[in-house]
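**Student:** See my_file.txt below, with compact mmCIF, C-alpha atoms and all ligand atoms.
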```txt
# COMPACT_ATOMS: atom_id res chain seq x y z
CA MET A 460 112.70 95.45 65.04
CA PRO A 461 108.98 94.67 65.62
CA GLU A 462 108.13 92.98 68.88
CA LEU A 463 105.06 91.95 70.81
CA LEU A 464 104.96 91.98 74.59
CA ILE A 465 102.46 89.60 76.15
CA SER A 466 101.41 88.86 79.72
CA VAL A 467 98.26 87.04 80.82
CA LEU A 468 97.26 89.07 83.87
CA GLY A 469 94.63 86.56 84.99
CA SER A 470 92.88 83.50 83.59
CA GLY A 471 90.01 81.24 84.64
CA SER A 472 86.40 81.60 85.71
CA SER A 473 87.38 84.22 88.32
CA GLY A 474 88.60 86.63 85.64
CA ASN A 475 90.40 86.87 82.31
CA VAL A 476 92.67 89.72 81.20
CA THR A 477 95.63 89.69 78.79
CA PHE A 478 98.04 92.56 78.20
CA VAL A 479 99.53 93.00 74.68
CA SER A 480 101.71 95.79 73.32
CA ASP A 481 104.10 96.42 70.46
CA GLY A 482 105.29 99.69 71.99
CA SER A 483 103.09 101.81 69.71
CA ALA A 484 99.82 100.90 71.51
CA ARG A 485 98.95 99.07 74.70
CA LEU A 486 95.87 96.84 74.80
CA LEU A 487 93.91 94.66 77.17
CA LEU A 488 92.17 91.63 75.71
CA ASP A 489 89.18 91.17 78.04
CA ALA A 490 88.81 92.88 81.39
CA GLY A 491 87.24 90.25 83.62
CA LEU A 492 88.83 91.30 86.91
CA ALA A 493 87.78 94.24 89.06
CA CYS A 494 89.24 97.52 87.81
CA ARG A 495 91.44 97.93 90.87
CA GLU A 496 92.87 94.43 90.47
CA ILE A 497 93.65 95.04 86.78
CA GLU A 498 95.46 98.24 87.79
CA ARG A 499 97.44 96.40 90.46
CA ARG A 500 98.52 93.61 88.11
CA LEU A 501 99.48 96.08 85.35
CA ARG A 502 101.72 97.92 87.79
CA THR A 503 103.58 94.69 88.57
CA LEU A 504 104.60 94.73 84.87
CA GLY A 505 105.64 98.37 85.11
CA VAL A 506 102.67 99.50 83.00
CA ALA A 507 100.74 102.58 84.16
CA PRO A 508 96.99 101.80 83.82
CA GLY A 509 96.49 105.27 82.32
CA HIS A 510 98.69 104.25 79.38
CA ILE A 511 96.30 101.51 78.19
CA ASP A 512 94.85 102.67 74.85
CA GLY A 513 92.11 100.11 74.31
CA VAL A 514 90.16 97.25 75.91
CA LEU A 515 88.97 94.57 73.47
CA LEU A 516 86.19 92.28 74.66
CA SER A 517 85.74 88.70 73.44
CA HIS A 518 82.19 88.51 74.88
CA GLU A 519 79.99 89.84 77.66
CA HIS A 520 80.31 87.15 80.35
CA GLY A 521 81.39 88.59 83.69
CA ASP A 522 84.68 86.72 83.84
CA HIS A 523 85.70 88.59 80.64
CA ALA A 524 83.98 91.95 81.02
CA ARG A 525 83.55 92.62 84.75
CA GLY A 526 85.99 95.53 84.96
CA ALA A 527 85.62 96.89 81.41
CA TRP A 528 83.29 99.85 81.98
CA ARG A 529 85.05 101.16 85.02
CA PHE A 530 88.55 100.69 83.59
CA CYS A 531 87.68 102.44 80.30
CA ALA A 532 85.84 105.28 82.01
CA LYS A 533 88.57 105.86 84.59
CA HIS A 534 91.51 105.67 82.19
CA ASN A 535 89.91 107.06 79.00
CA ALA A 536 90.61 103.81 77.19
CA THR A 537 88.51 102.96 74.12
CA LEU A 538 86.23 99.94 74.41
CA TYR A 539 86.22 97.64 71.36
CA ALA A 540 83.29 95.23 71.32
CA THR A 541 80.77 93.77 68.90
CA GLU A 542 77.30 95.29 69.04
CA GLY A 543 75.93 92.09 70.63
CA THR A 544 78.57 92.13 73.35
CA TYR A 545 78.16 95.84 74.02
CA ARG A 546 74.38 95.63 74.35
CA CYS A 547 74.67 92.86 76.94
CA LEU A 548 77.20 94.57 79.19
CA LYS A 549 76.00 95.18 82.74
CA PRO A 550 75.78 97.25 84.80
CA LEU A 551 75.61 100.41 82.72
CA PRO A 552 78.51 102.81 83.28
CA ASP A 553 78.06 105.89 85.43
CA LYS A 554 80.20 107.75 82.89
CA PRO A 555 79.94 107.19 79.10
CA VAL A 556 82.83 105.35 77.49
CA ASP A 557 84.26 105.63 74.03
CA TRP A 558 82.93 102.53 72.21
CA VAL A 559 84.14 101.31 68.82
CA ARG A 560 81.87 98.70 67.24
CA ILE A 561 83.78 95.77 65.78
CA ARG A 562 82.57 92.97 63.55
CA SER A 563 83.58 89.34 63.08
CA GLY A 564 85.54 88.99 59.89
CA SER A 565 86.87 92.56 59.99
CA SER A 566 90.24 94.05 60.99
CA THR A 567 91.32 97.28 62.57
CA LYS A 568 94.60 99.11 63.01
CA LEU A 569 95.64 99.96 66.59
CA GLY A 570 98.95 101.79 66.68
CA ARG A 571 101.14 99.82 64.29
CA MET A 572 99.33 96.56 65.09
CA THR A 573 96.54 95.08 62.98
CA VAL A 574 93.84 93.19 64.87
CA ASP A 575 91.67 90.63 63.06
CA PHE A 576 88.35 89.56 64.59
CA PHE A 577 86.78 86.16 63.95
CA PRO A 578 83.69 84.39 65.35
CA THR A 579 83.99 81.85 68.16
CA PRO A 580 81.51 79.08 69.10
CA HIS A 581 80.22 80.05 72.57
CA ASP A 582 76.84 80.72 74.20
CA ALA A 583 77.14 84.51 74.19
CA ALA A 584 75.56 87.27 72.06
CA ASP A 585 78.30 87.71 69.44
CA PRO A 586 81.59 86.27 70.73
CA ILE A 587 84.90 86.76 68.92
CA GLY A 588 88.56 85.80 68.96
CA PHE A 589 91.53 88.04 68.15
CA ARG A 590 94.65 87.82 66.02
CA ILE A 591 97.09 90.66 66.60
CA ARG A 592 99.69 91.16 63.90
CA ARG A 593 102.83 93.26 63.84
CA GLY A 594 105.40 92.63 61.09
CA ARG A 595 105.89 88.87 60.80
CA LEU A 596 104.67 88.32 64.38
CA SER A 597 101.14 87.45 65.34
CA PHE A 598 99.37 86.50 68.54
CA GLY A 599 96.05 84.61 68.47
CA HIS A 600 93.68 84.74 71.45
CA VAL A 601 90.68 82.40 71.80
CA THR A 602 88.95 81.37 75.00
CA ASP A 603 85.47 80.12 75.75
CA ILE A 604 84.99 77.93 72.71
CA GLY A 605 82.82 74.84 72.82
CA HIS A 606 84.71 73.28 69.92
CA ILE A 607 87.37 74.11 67.35
CA SER A 608 85.41 75.60 64.46
CA GLU A 609 86.85 76.22 61.00
CA ALA A 610 86.62 79.97 61.76
CA VAL A 611 88.88 79.44 64.79
CA VAL A 612 91.37 77.40 62.74
CA ASP A 613 91.39 80.16 60.11
CA GLY A 614 91.63 82.91 62.70
CA LEU A 615 94.74 81.36 64.24
CA ARG A 616 96.46 80.70 60.90
CA GLY A 617 100.09 81.83 60.76
CA CYS A 618 100.28 82.77 64.45
CA SER A 619 103.64 82.80 66.23
CA ALA A 620 102.00 82.68 69.68
CA ILE A 621 98.56 81.46 70.70
CA LEU A 622 96.46 81.69 73.83
CA ILE A 623 93.81 78.97 73.80
CA GLU A 624 91.43 77.44 76.28
CA ALA A 625 92.19 74.15 78.08
CA ASN A 626 89.09 74.19 80.26
CA HIS A 627 88.31 70.73 81.51
CA ASP A 628 89.06 67.05 81.58
CA VAL A 629 85.98 65.24 80.22
CA ASP A 630 86.02 62.54 82.93
CA MET A 631 86.37 65.06 85.74
CA LEU A 632 83.50 67.11 84.30
CA ARG A 633 81.30 64.00 83.97
CA GLU A 634 81.96 63.02 87.59
CA SER A 635 81.78 66.56 88.99
CA ASP A 636 79.09 67.68 91.40
CA TYR A 637 77.96 70.36 88.93
CA PRO A 638 74.18 70.35 88.31
CA ALA A 639 73.38 68.39 85.14
CA SER A 640 72.37 71.59 83.29
CA LEU A 641 75.73 73.26 83.98
CA ARG A 642 77.64 70.08 83.08
CA ASP A 643 75.77 69.93 79.78
CA ARG A 644 76.39 73.62 79.09
CA VAL A 645 80.15 73.46 79.77
CA GLY A 646 80.55 70.30 77.70
CA SER A 647 78.40 71.47 74.77
CA ARG A 648 79.60 72.72 71.37
CA LEU A 649 78.90 76.27 72.58
CA GLY A 650 80.50 75.79 76.00
CA HIS A 651 84.15 75.31 76.90
CA LEU A 652 87.03 73.39 75.32
CA SER A 653 88.19 70.10 76.85
CA ASN A 654 91.81 68.98 77.10
CA ASP A 655 91.04 66.25 74.55
CA ALA A 656 89.53 68.64 71.99
CA LEU A 657 92.51 70.95 72.42
CA ALA A 658 94.88 68.00 71.97
CA ARG A 659 93.22 67.08 68.66
CA TYR A 660 93.72 70.65 67.47
CA LEU A 661 97.35 70.70 68.58
CA GLU A 662 98.10 67.40 66.87
CA HIS A 663 96.38 68.08 63.54
CA ARG A 664 95.72 71.80 62.98
CA LEU A 665 98.22 73.89 64.98
CA PRO A 666 100.07 76.33 62.67
CA GLY A 667 103.70 75.38 62.07
CA ALA A 668 104.85 78.90 63.02
CA VAL A 669 103.66 78.70 66.65
CA ARG A 670 106.53 79.06 69.13
CA HIS A 671 104.54 79.85 72.27
CA LEU A 672 101.33 78.34 73.53
CA PHE A 673 99.41 79.74 76.53
CA LEU A 674 96.96 77.28 78.10
CA ALA A 675 94.08 79.38 79.42
CA HIS A 676 90.83 79.24 81.39
CA LEU A 677 91.65 76.00 83.26
CA SER A 678 88.71 74.96 85.44
CA LYS A 679 89.54 74.83 89.13
CA GLN A 680 86.98 72.05 89.69
CA ASN A 681 87.36 69.99 86.52
CA ASN A 682 91.01 70.17 85.51
CA HIS A 683 94.55 70.02 86.86
CA GLU A 684 97.57 71.88 85.49
CA ARG A 685 99.43 68.56 85.19
CA LEU A 686 96.61 66.94 83.20
CA ALA A 687 96.30 69.87 80.77
CA LEU A 688 100.06 70.04 80.32
CA ASP A 689 100.54 66.30 79.77
CA CYS A 690 97.63 66.11 77.35
CA SER A 691 99.05 69.02 75.30
CA LEU A 692 102.62 67.75 75.39
CA GLU A 693 101.59 64.27 74.24
CA ALA A 694 99.63 65.79 71.35
CA LEU A 695 102.60 67.94 70.33
CA THR A 696 104.86 64.89 70.44
CA ARG A 697 102.48 62.99 68.15
CA ARG A 698 102.42 66.03 65.83
CA GLY A 699 106.21 65.98 65.50
CA GLY A 700 108.44 68.88 64.48
CA ARG A 701 109.54 71.69 66.72
CA LYS A 702 107.47 71.91 69.91
CA PRO A 703 106.23 75.34 70.98
CA LYS A 704 107.00 76.40 74.53
CA ILE A 705 103.93 75.89 76.74
CA HIS A 706 103.01 78.58 79.28
CA LEU A 707 100.52 77.97 82.06
CA THR A 708 98.29 80.88 83.06
CA TYR A 709 96.98 81.67 86.55
CA ALA A 710 93.87 82.95 88.28
CA ASP A 711 95.77 84.89 90.93
CA ARG A 712 98.83 86.34 89.20
CA PRO A 713 100.21 87.49 85.84
CA THR A 714 102.45 85.32 83.70
CA PRO A 715 106.01 86.64 83.27
CA LEU A 716 106.20 89.08 80.38
CA LEU A 717 106.95 87.38 77.05
CA ARG A 718 108.88 89.55 74.62
CA LEU A 719 108.24 88.05 71.19
CA THR A 720 110.57 89.21 68.44
CA GLU A 721 111.18 88.07 64.89
CA SER A 722 114.49 86.49 65.82
CA ARG A 723 114.28 85.44 69.46
CA GLU A 724 112.00 85.42 72.49
CA LEU A 725 112.68 86.47 76.01
CA VAL A 726 110.64 85.70 79.07
CA GLU A 727 111.39 88.47 81.48
CA ASP A 728 111.19 88.51 85.23
CA THR A 729 108.46 91.05 85.74
CA LYS A 730 108.69 91.25 89.51
CA GLN A 731 110.84 94.34 89.22
CA GLY A 732 108.62 96.03 86.62
CA VAL A 733 110.65 95.95 83.44
CA LEU A 734 108.58 98.21 81.20
CA ALA A 735 108.82 101.95 81.25
CA PHE A 736 105.47 103.02 79.78
ZN ZN B 801 82.00 82.79 78.45
ZN ZN B 802 85.03 82.61 80.50
```
What does this structure look like when you write it as structure tokens?
**Tutor:**
Amino acid sequence: MPELLISVLGSGSSGNVTFVSDGSARLLLDAGLACREIERRLRTLGVAPGHIDGVLLSHEHGDHARGAWRFCAKHNATLYATEGTYRCLKPLPDKPVDWVRIRSGSSTKLGRMTVDFFPTPHDAADPIGFRIRRGRLSFGHVTDIGHISEAVVDGLRGCSAILIEANHDVDMLRESDYPASLRDRVGSRLGHLSNDALARYLEHRLPGAVRHLFLAHLSKQNNHERLALDCSLEALTRRGGRKPKIHLTYADRPTPLLRLTESRELVEDTKQGVLAF
């Protein structure tokens, strides 16, 4: 029976990496931690870093791409990035990597999974979100979005699990000691998503099929886990119907492995390393 295994290895401005596999291919969505730290966190799941087939980049900012070159070069993983993202990556690799150019609005087959790419509203060269499909399962992944665009709503359509940004509380951002230019950038339509904007999406546009919701990229300075959780839960209550399970994500550790199947979901204790890849 098809399944998707998902663990968010790290999330937030210090580095974003998500592991996804259906057993036929193993992928990283973003690689914003140092290569060695990605390797260490993969091993806690029981995944050998050398078994990662591809690294897919949402955009070129350091907290999403920092470890991409080195990881791909060291482990012969293919790098999937838009031309705009690829051209902005720094520093250049000491060893060439296998790069596959991807485009917003296109799809590609990786193992038995199909990955759809869609544009996201963010101040980067050519940023994208992902929807990974296998059988009737699909996992949508969008972070670093200044607002919920129609392309994002479309991209997440039909998903059974979603990772989405819950970056800041608007009052905390307004009162923060950030310089005005940074405050304006984060709060802009090409910056980062607030708890309130996420709540509006959850109440009015969240697909009915979603059973798991990962809250990602929480700001350390301008948000609290409790605030993001309460704001999302209240929105889901107003929406009515079956509530998806909410998963927090962390800067310093992976989330327990979620095993998403067509009939049931398991959250596994990954301390022992449950995968045998
Ligand atoms: Zn960014
Ligand atoms: Zn980011």
**Student:** Counting all atoms listed in the file, what residues are within 8 Å of ligand ZN 801 (chain B), given as an NGL selection string?
**Tutor:** :A and (518-523 or 581-583 or 602-603 or 650-651)
**Student:** Those residues with C-alpha atoms, as a PDB file, in the coordinates of the input please?
**Tutor:**
```pdb
ATOM      1  CA  HIS A 518      82.190  88.510  74.880  1.00  0.00           C
ATOM      2  CA  GLU A 519      79.990  89.840  77.660  1.00  0.00           C
ATOM      3  CA  HIS A 520      80.310  87.150  80.350  1.00  0.00           C
ATOM      4  CA  GLY A 521      81.390  88.590  83.690  1.00  0.00           C
ATOM      5  CA  ASP A 522      84.680  86.720  83.840  1.00  0.00           C
ATOM      6  CA  HIS A 523      85.700  88.590  80.640  1.00  0.00           C
ATOM      7  CA  HIS A 581      80.220  80.050  72.570  1.00  0.00           C
ATOM      8  CA  ASP A 582      76.840  80.720  74.200  1.00  0.00           C
ATOM      9  CA  ALA A 583      77.140  84.510  74.190  1.00  0.00           C
ATOM     10  CA  THR A 602      88.950  81.370  75.000  1.00  0.00           C
ATOM     11  CA  ASP A 603      85.470  80.120  75.750  1.00  0.00           C
ATOM     12  CA  GLY A 650      80.500  75.790  76.000  1.00  0.00           C
ATOM     13  CA  HIS A 651      84.150  75.310  76.900  1.00  0.00           C
TER      14      HIS A 651
END
```
**Student:** Give the residues close to ligand ZN 802 (chain B), within 12 Å, counting only C-alpha atoms and all ligand atoms; write them as a ChimeraX atom specification.
**Tutor:** /A:469-476,489-492,516-525,581-583,586,601-605,623-626,645,649-652,675-678,710
**Student:** With all atoms listed in the file as the atoms that count, which of A:Thr537, A:Trp528, A:Thr567, A:Ala687 lies nearest to Asp553 (chain A)?
**Tutor:** A:Trp528
**Student:** Rank nothing, just name the residue among A:Ser563, A:Phe673, A:Cys531, A:Asn681 nearest to Thr714 (chain A), using all atoms listed in the file.
**Tutor:** A:Phe673
**Student:** Just give me the gap between CA of Arg595 (chain A) and CA of Arg712 (chain A) in Å, one decimal is fine.
**Tutor:** 29.4 Å
**Student:** What separation in Å, quoted to one decimal, exists between CA of Arg633 (chain A) and CA of Arg698 (chain A)?
**Tutor:**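 Here the two named atoms are 27.9 Å from each other.
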**Student:** Which residue out of A:Leu488, A:Ala493, A:Ala610, A:Ala639 has the minimum interatomic distance to Ile591 (chain A) when only C-alpha atoms are used?
**Tutor:**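 With only C-alpha atoms as the atom set, the closest residue is A:Leu488.
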**Student:** Between CA of Gly505 (chain A) and CA of Phe598 (chain A), what distance in Å does the model show, to one decimal?
**Tutor:** 21.3 Å
**Student:** Looking at A:Ser608, A:Ser566, A:Thr573, A:Thr503, which one is nearest to Leu486 (chain A), with distances taken over all atoms listed in the file?
**Tutor:**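 Between A:Ser608, A:Ser566, A:Thr573, A:Thr503, the residue approaching Leu486 (chain A) most closely is A:Thr573.
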**Student:** Taking all atoms listed in the file into account, name the residue in A:Ile621, A:Cys690, A:Ala658, A:Ala527 that is nearest to Pro550 (chain A).
**Tutor:**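 Smallest separation from Pro550 (chain A) among the options: A:Ala527.
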**Student:** Counting only C-alpha atoms, which residue out of A:Ser691, A:Ser635, A:Thr544, A:Gln680 sits closest to Leu661 (chain A)?
**Tutor:**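 That would be A:Ser691, the residue with the smallest distance to Leu661 (chain A).
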**Student:** Excluding His510 (chain A) and its own-chain neighbours fewer than 2 positions away, which residues fall within 9 Å of it when counting all atoms listed in the file? Please give them as a list of chain:residue names.
**Tutor:**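 The filter keeps A:Ala484, A:Arg485, A:Val506, A:Ala507, A:Pro508, A:Asp512, A:His534, A:Ala536, A:Phe736.
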**Student:** Could you save those same residues with C-alpha atoms as a CSV table (one decimal), keeping the file's coordinate frame?
**Tutor:**
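Saved file result-v2.csv follows:
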```csv
chain,number,residue,atom,x,y,z
A,484,ALA,CA,99.8,100.9,71.5
A,485,ARG,CA,99.0,99.1,74.7
A,506,VAL,CA,102.7,99.5,83.0
A,507,ALA,CA,100.7,102.6,84.2
A,508,PRO,CA,97.0,101.8,83.8
A,512,ASP,CA,94.8,102.7,74.8
A,534,HIS,CA,91.5,105.7,82.2
A,536,ALA,CA,90.6,103.8,77.2
A,736,PHE,CA,105.5,103.0,79.8
```
**Student:** Quick one: everything within 12 Å of Leu688 (chain A), counting only C-alpha atoms, minus sequence neighbours fewer than 4 positions away in the same chain. Send it as a PyMOL selection string.
**Tutor:** chain A and resi 625-628+654-655+657-658+672-675+677+682-684+692-695+704-708
**Student:** Those selected residues, please, written with C-alpha atoms and delivered as a short mmCIF file (atom, residue, chain, number, x, y, z; two decimals), in the coordinates of the input.
**Tutor:**
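What ended up in selection-v9.cif:
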```cif
data_model
loop_
_atom_site.label_atom_id
_atom_site.label_comp_id
_atom_site.auth_asym_id
_atom_site.auth_seq_id
_atom_site.Cartn_x
_atom_site.Cartn_y
_atom_site.Cartn_z
CA ALA A 625 92.19 74.15 78.08
CA ASN A 626 89.09 74.19 80.26
CA HIS A 627 88.31 70.73 81.51
CA ASP A 628 89.06 67.05 81.58
CA ASN A 654 91.81 68.98 77.10
CA ASP A 655 91.04 66.25 74.55
CA LEU A 657 92.51 70.95 72.42
CA ALA A 658 94.88 68.00 71.97
CA LEU A 672 101.33 78.34 73.53
CA PHE A 673 99.41 79.74 76.53
CA LEU A 674 96.96 77.28 78.10
CA ALA A 675 94.08 79.38 79.42
CA LEU A 677 91.65 76.00 83.26
CA ASN A 682 91.01 70.17 85.51
CA HIS A 683 94.55 70.02 86.86
CA GLU A 684 97.57 71.88 85.49
CA LEU A 692 102.62 67.75 75.39
CA GLU A 693 101.59 64.27 74.24
CA ALA A 694 99.63 65.79 71.35
CA LEU A 695 102.60 67.94 70.33
CA LYS A 704 107.00 76.40 74.53
CA ILE A 705 103.93 75.89 76.74
CA HIS A 706 103.01 78.58 79.28
CA LEU A 707 100.52 77.97 82.06
CA THR A 708 98.29 80.88 83.06
#
```
**Student:** Please, which residues in region 669-727 of chain A fall within 6 Å of region 461-464 of chain A when counting only C-alpha atoms, and what is the closest atom pair and distance in Å to one decimal for each, ordered by chain then residue number, as a tab-separated table?
**Tutor:**
```
residue	atom	partner	partner_atom	distance
A:Leu717	CA	A:Leu464	CA	5.6
A:Arg718	CA	A:Leu464	CA	4.6
A:Leu719	CA	A:Leu463	CA	5.0
A:Thr720	CA	A:Glu462	CA	4.5
```
**Student:** Which neighbours of Glu721 (chain A) fall inside 12 Å, counting all atoms listed in the file, when residues of the same chain fewer than 6 positions from it are skipped, and could you give them as a PyMOL selection string?
**Tutor:** chain A and resi 460-463+592-597+619-620+668+670
**Student:** Fewer than 5 positions away in the same chain doesn't count, so skip those; otherwise give me all residues within 10 Å of Gly667 (chain A), counting all atoms listed in the file, as a ChimeraX atom specification.
**Tutor:** /A:616-619,700-703
**Student:** Centre and edge lengths, as JSON, for the axis-aligned box enclosing every listed atom of region 494-503 of chain A with 3 Å of padding on each of the six sides, in Å to one decimal?
**Tutor:**
```
{"center_x": 96.4, "center_y": 95.9, "center_z": 88.1, "size_x": 20.3, "size_y": 10.6, "size_z": 11.5}
```
**Student:** Is it possible to produce a file of region 613-695 of chain A from this structure, with C-alpha atoms, as a PDB file, in the first residue's frame?
**Tutor:**
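Output file out.pdb follows:
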```
ATOM      1  CA  ASP A 613      -4.084  25.665  -6.066  1.00  0.00           C
ATOM      2  CA  GLY A 614      -0.755  24.036  -5.296  1.00  0.00           C
ATOM      3  CA  LEU A 615      -2.040  22.662  -2.003  1.00  0.00           C
ATOM      4  CA  ARG A 616      -5.339  21.395  -3.436  1.00  0.00           C
ATOM      5  CA  GLY A 617      -6.217  17.839  -2.444  1.00  0.00           C
ATOM      6  CA  CYS A 618      -3.305  17.447  -0.011  1.00  0.00           C
ATOM      7  CA  SER A 619      -3.522  14.936   2.830  1.00  0.00           C
ATOM      8  CA  ALA A 620      -0.684  16.612   4.755  1.00  0.00           C
ATOM      9  CA  ILE A 621       0.629  20.160   4.553  1.00  0.00           C
ATOM     10  CA  LEU A 622       3.677  21.965   5.863  1.00  0.00           C
ATOM     11  CA  ILE A 623       3.025  25.699   5.938  1.00  0.00           C
ATOM     12  CA  GLU A 624       4.649  28.731   7.470  1.00  0.00           C
ATOM     13  CA  ALA A 625       3.405  30.284  10.736  1.00  0.00           C
ATOM     14  CA  ASN A 626       6.131  32.904  10.963  1.00  0.00           C
ATOM     15  CA  HIS A 627       5.061  35.738  13.204  1.00  0.00           C
ATOM     16  CA  ASP A 628       2.454  37.383  15.339  1.00  0.00           C
ATOM     17  CA  VAL A 629       1.696  40.791  13.783  1.00  0.00           C
ATOM     18  CA  ASP A 630       1.719  42.642  17.133  1.00  0.00           C
ATOM     19  CA  MET A 631       5.001  41.085  18.217  1.00  0.00           C
ATOM     20  CA  LEU A 632       6.561  41.984  14.864  1.00  0.00           C
ATOM     21  CA  ARG A 633       5.278  45.578  15.099  1.00  0.00           C
ATOM     22  CA  GLU A 634       6.735  45.973  18.601  1.00  0.00           C
ATOM     23  CA  SER A 635       9.971  44.092  17.891  1.00  0.00           C
ATOM     24  CA  ASP A 636      13.365  45.756  17.971  1.00  0.00           C
ATOM     25  CA  TYR A 637      13.943  44.805  14.316  1.00  0.00           C
ATOM     26  CA  PRO A 638      15.107  47.743  12.159  1.00  0.00           C
ATOM     27  CA  ALA A 639      12.134  49.276  10.322  1.00  0.00           C
ATOM     28  CA  SER A 640      13.396  47.969   6.957  1.00  0.00           C
ATOM     29  CA  LEU A 641      13.510  44.363   8.201  1.00  0.00           C
ATOM     30  CA  ARG A 642      10.108  44.701   9.892  1.00  0.00           C
ATOM     31  CA  ASP A 643       8.652  45.974   6.624  1.00  0.00           C
ATOM     32  CA  ARG A 644      10.290  43.186   4.625  1.00  0.00           C
ATOM     33  CA  VAL A 645       9.073  40.373   6.914  1.00  0.00           C
ATOM     34  CA  GLY A 646       5.545  41.782   7.032  1.00  0.00           C
ATOM     35  CA  SER A 647       5.284  42.512   3.287  1.00  0.00           C
ATOM     36  CA  ARG A 648       3.381  40.497   0.669  1.00  0.00           C
ATOM     37  CA  LEU A 649       6.713  39.005  -0.418  1.00  0.00           C
ATOM     38  CA  GLY A 650       7.967  38.345   3.117  1.00  0.00           C
ATOM     39  CA  HIS A 651       6.718  35.834   5.667  1.00  0.00           C
ATOM     40  CA  LEU A 652       3.276  34.575   6.681  1.00  0.00           C
ATOM     41  CA  SER A 653       1.686  35.791   9.923  1.00  0.00           C
ATOM     42  CA  ASN A 654      -0.369  33.635  12.277  1.00  0.00           C
ATOM     43  CA  ASP A 655      -3.441  35.672  11.297  1.00  0.00           C
ATOM     44  CA  ALA A 656      -2.948  35.188   7.551  1.00  0.00           C
ATOM     45  CA  LEU A 657      -2.435  31.471   8.119  1.00  0.00           C
ATOM     46  CA  ALA A 658      -5.596  31.350  10.251  1.00  0.00           C
ATOM     47  CA  ARG A 659      -7.637  32.924   7.440  1.00  0.00           C
ATOM     48  CA  TYR A 660      -6.343  30.253   5.063  1.00  0.00           C
ATOM     49  CA  LEU A 661      -7.103  27.454   7.522  1.00  0.00           C
ATOM     50  CA  GLU A 662     -10.627  28.704   8.130  1.00  0.00           C
ATOM     51  CA  HIS A 663     -11.634  29.351   4.521  1.00  0.00           C
ATOM     52  CA  ARG A 664      -9.352  27.567   2.029  1.00  0.00           C
ATOM     53  CA  LEU A 665      -7.765  24.512   3.676  1.00  0.00           C
ATOM     54  CA  PRO A 666      -8.478  21.359   1.600  1.00  0.00           C
ATOM     55  CA  GLY A 667     -10.978  19.016   3.234  1.00  0.00           C
ATOM     56  CA  ALA A 668      -8.605  16.054   2.803  1.00  0.00           C
ATOM     57  CA  VAL A 669      -5.877  17.443   5.110  1.00  0.00           C
ATOM     58  CA  ARG A 670      -5.230  15.175   8.101  1.00  0.00           C
ATOM     59  CA  HIS A 671      -1.861  16.552   9.205  1.00  0.00           C
ATOM     60  CA  LEU A 672      -0.674  20.121   9.426  1.00  0.00           C
ATOM     61  CA  PHE A 673       2.963  21.054  10.162  1.00  0.00           C
ATOM     62  CA  LEU A 674       3.431  24.627  11.412  1.00  0.00           C
ATOM     63  CA  ALA A 675       6.825  25.740  10.116  1.00  0.00           C
ATOM     64  CA  HIS A 676       9.361  28.573  10.212  1.00  0.00           C
ATOM     65  CA  LEU A 677       8.168  30.062  13.526  1.00  0.00           C
ATOM     66  CA  SER A 678      10.141  33.201  14.342  1.00  0.00           C
ATOM     67  CA  LYS A 679      12.109  32.967  17.571  1.00  0.00           C
ATOM     68  CA  GLN A 680      11.761  36.724  18.159  1.00  0.00           C
ATOM     69  CA  ASN A 681       8.237  37.384  16.913  1.00  0.00           C
ATOM     70  CA  ASN A 682       6.174  34.304  17.708  1.00  0.00           C
ATOM     71  CA  HIS A 683       5.487  31.714  20.397  1.00  0.00           C
ATOM     72  CA  GLU A 684       4.529  28.084  19.842  1.00  0.00           C
ATOM     73  CA  ARG A 685       1.446  28.601  22.029  1.00  0.00           C
ATOM     74  CA  LEU A 686       0.292  31.632  20.020  1.00  0.00           C
ATOM     75  CA  ALA A 687       0.716  29.884  16.656  1.00  0.00           C
ATOM     76  CA  LEU A 688      -1.035  26.765  17.925  1.00  0.00           C
ATOM     77  CA  ASP A 689      -3.973  28.601  19.506  1.00  0.00           C
ATOM     78  CA  CYS A 690      -4.455  30.801  16.457  1.00  0.00           C
ATOM     79  CA  SER A 691      -4.516  27.731  14.163  1.00  0.00           C
ATOM     80  CA  LEU A 692      -6.757  25.690  16.440  1.00  0.00           C
ATOM     81  CA  GLU A 693      -9.291  28.505  16.762  1.00  0.00           C
ATOM     82  CA  ALA A 694      -9.379  28.877  12.969  1.00  0.00           C
ATOM     83  CA  LEU A 695      -9.911  25.132  12.517  1.00  0.00           C
TER      84      LEU A 695
END
```
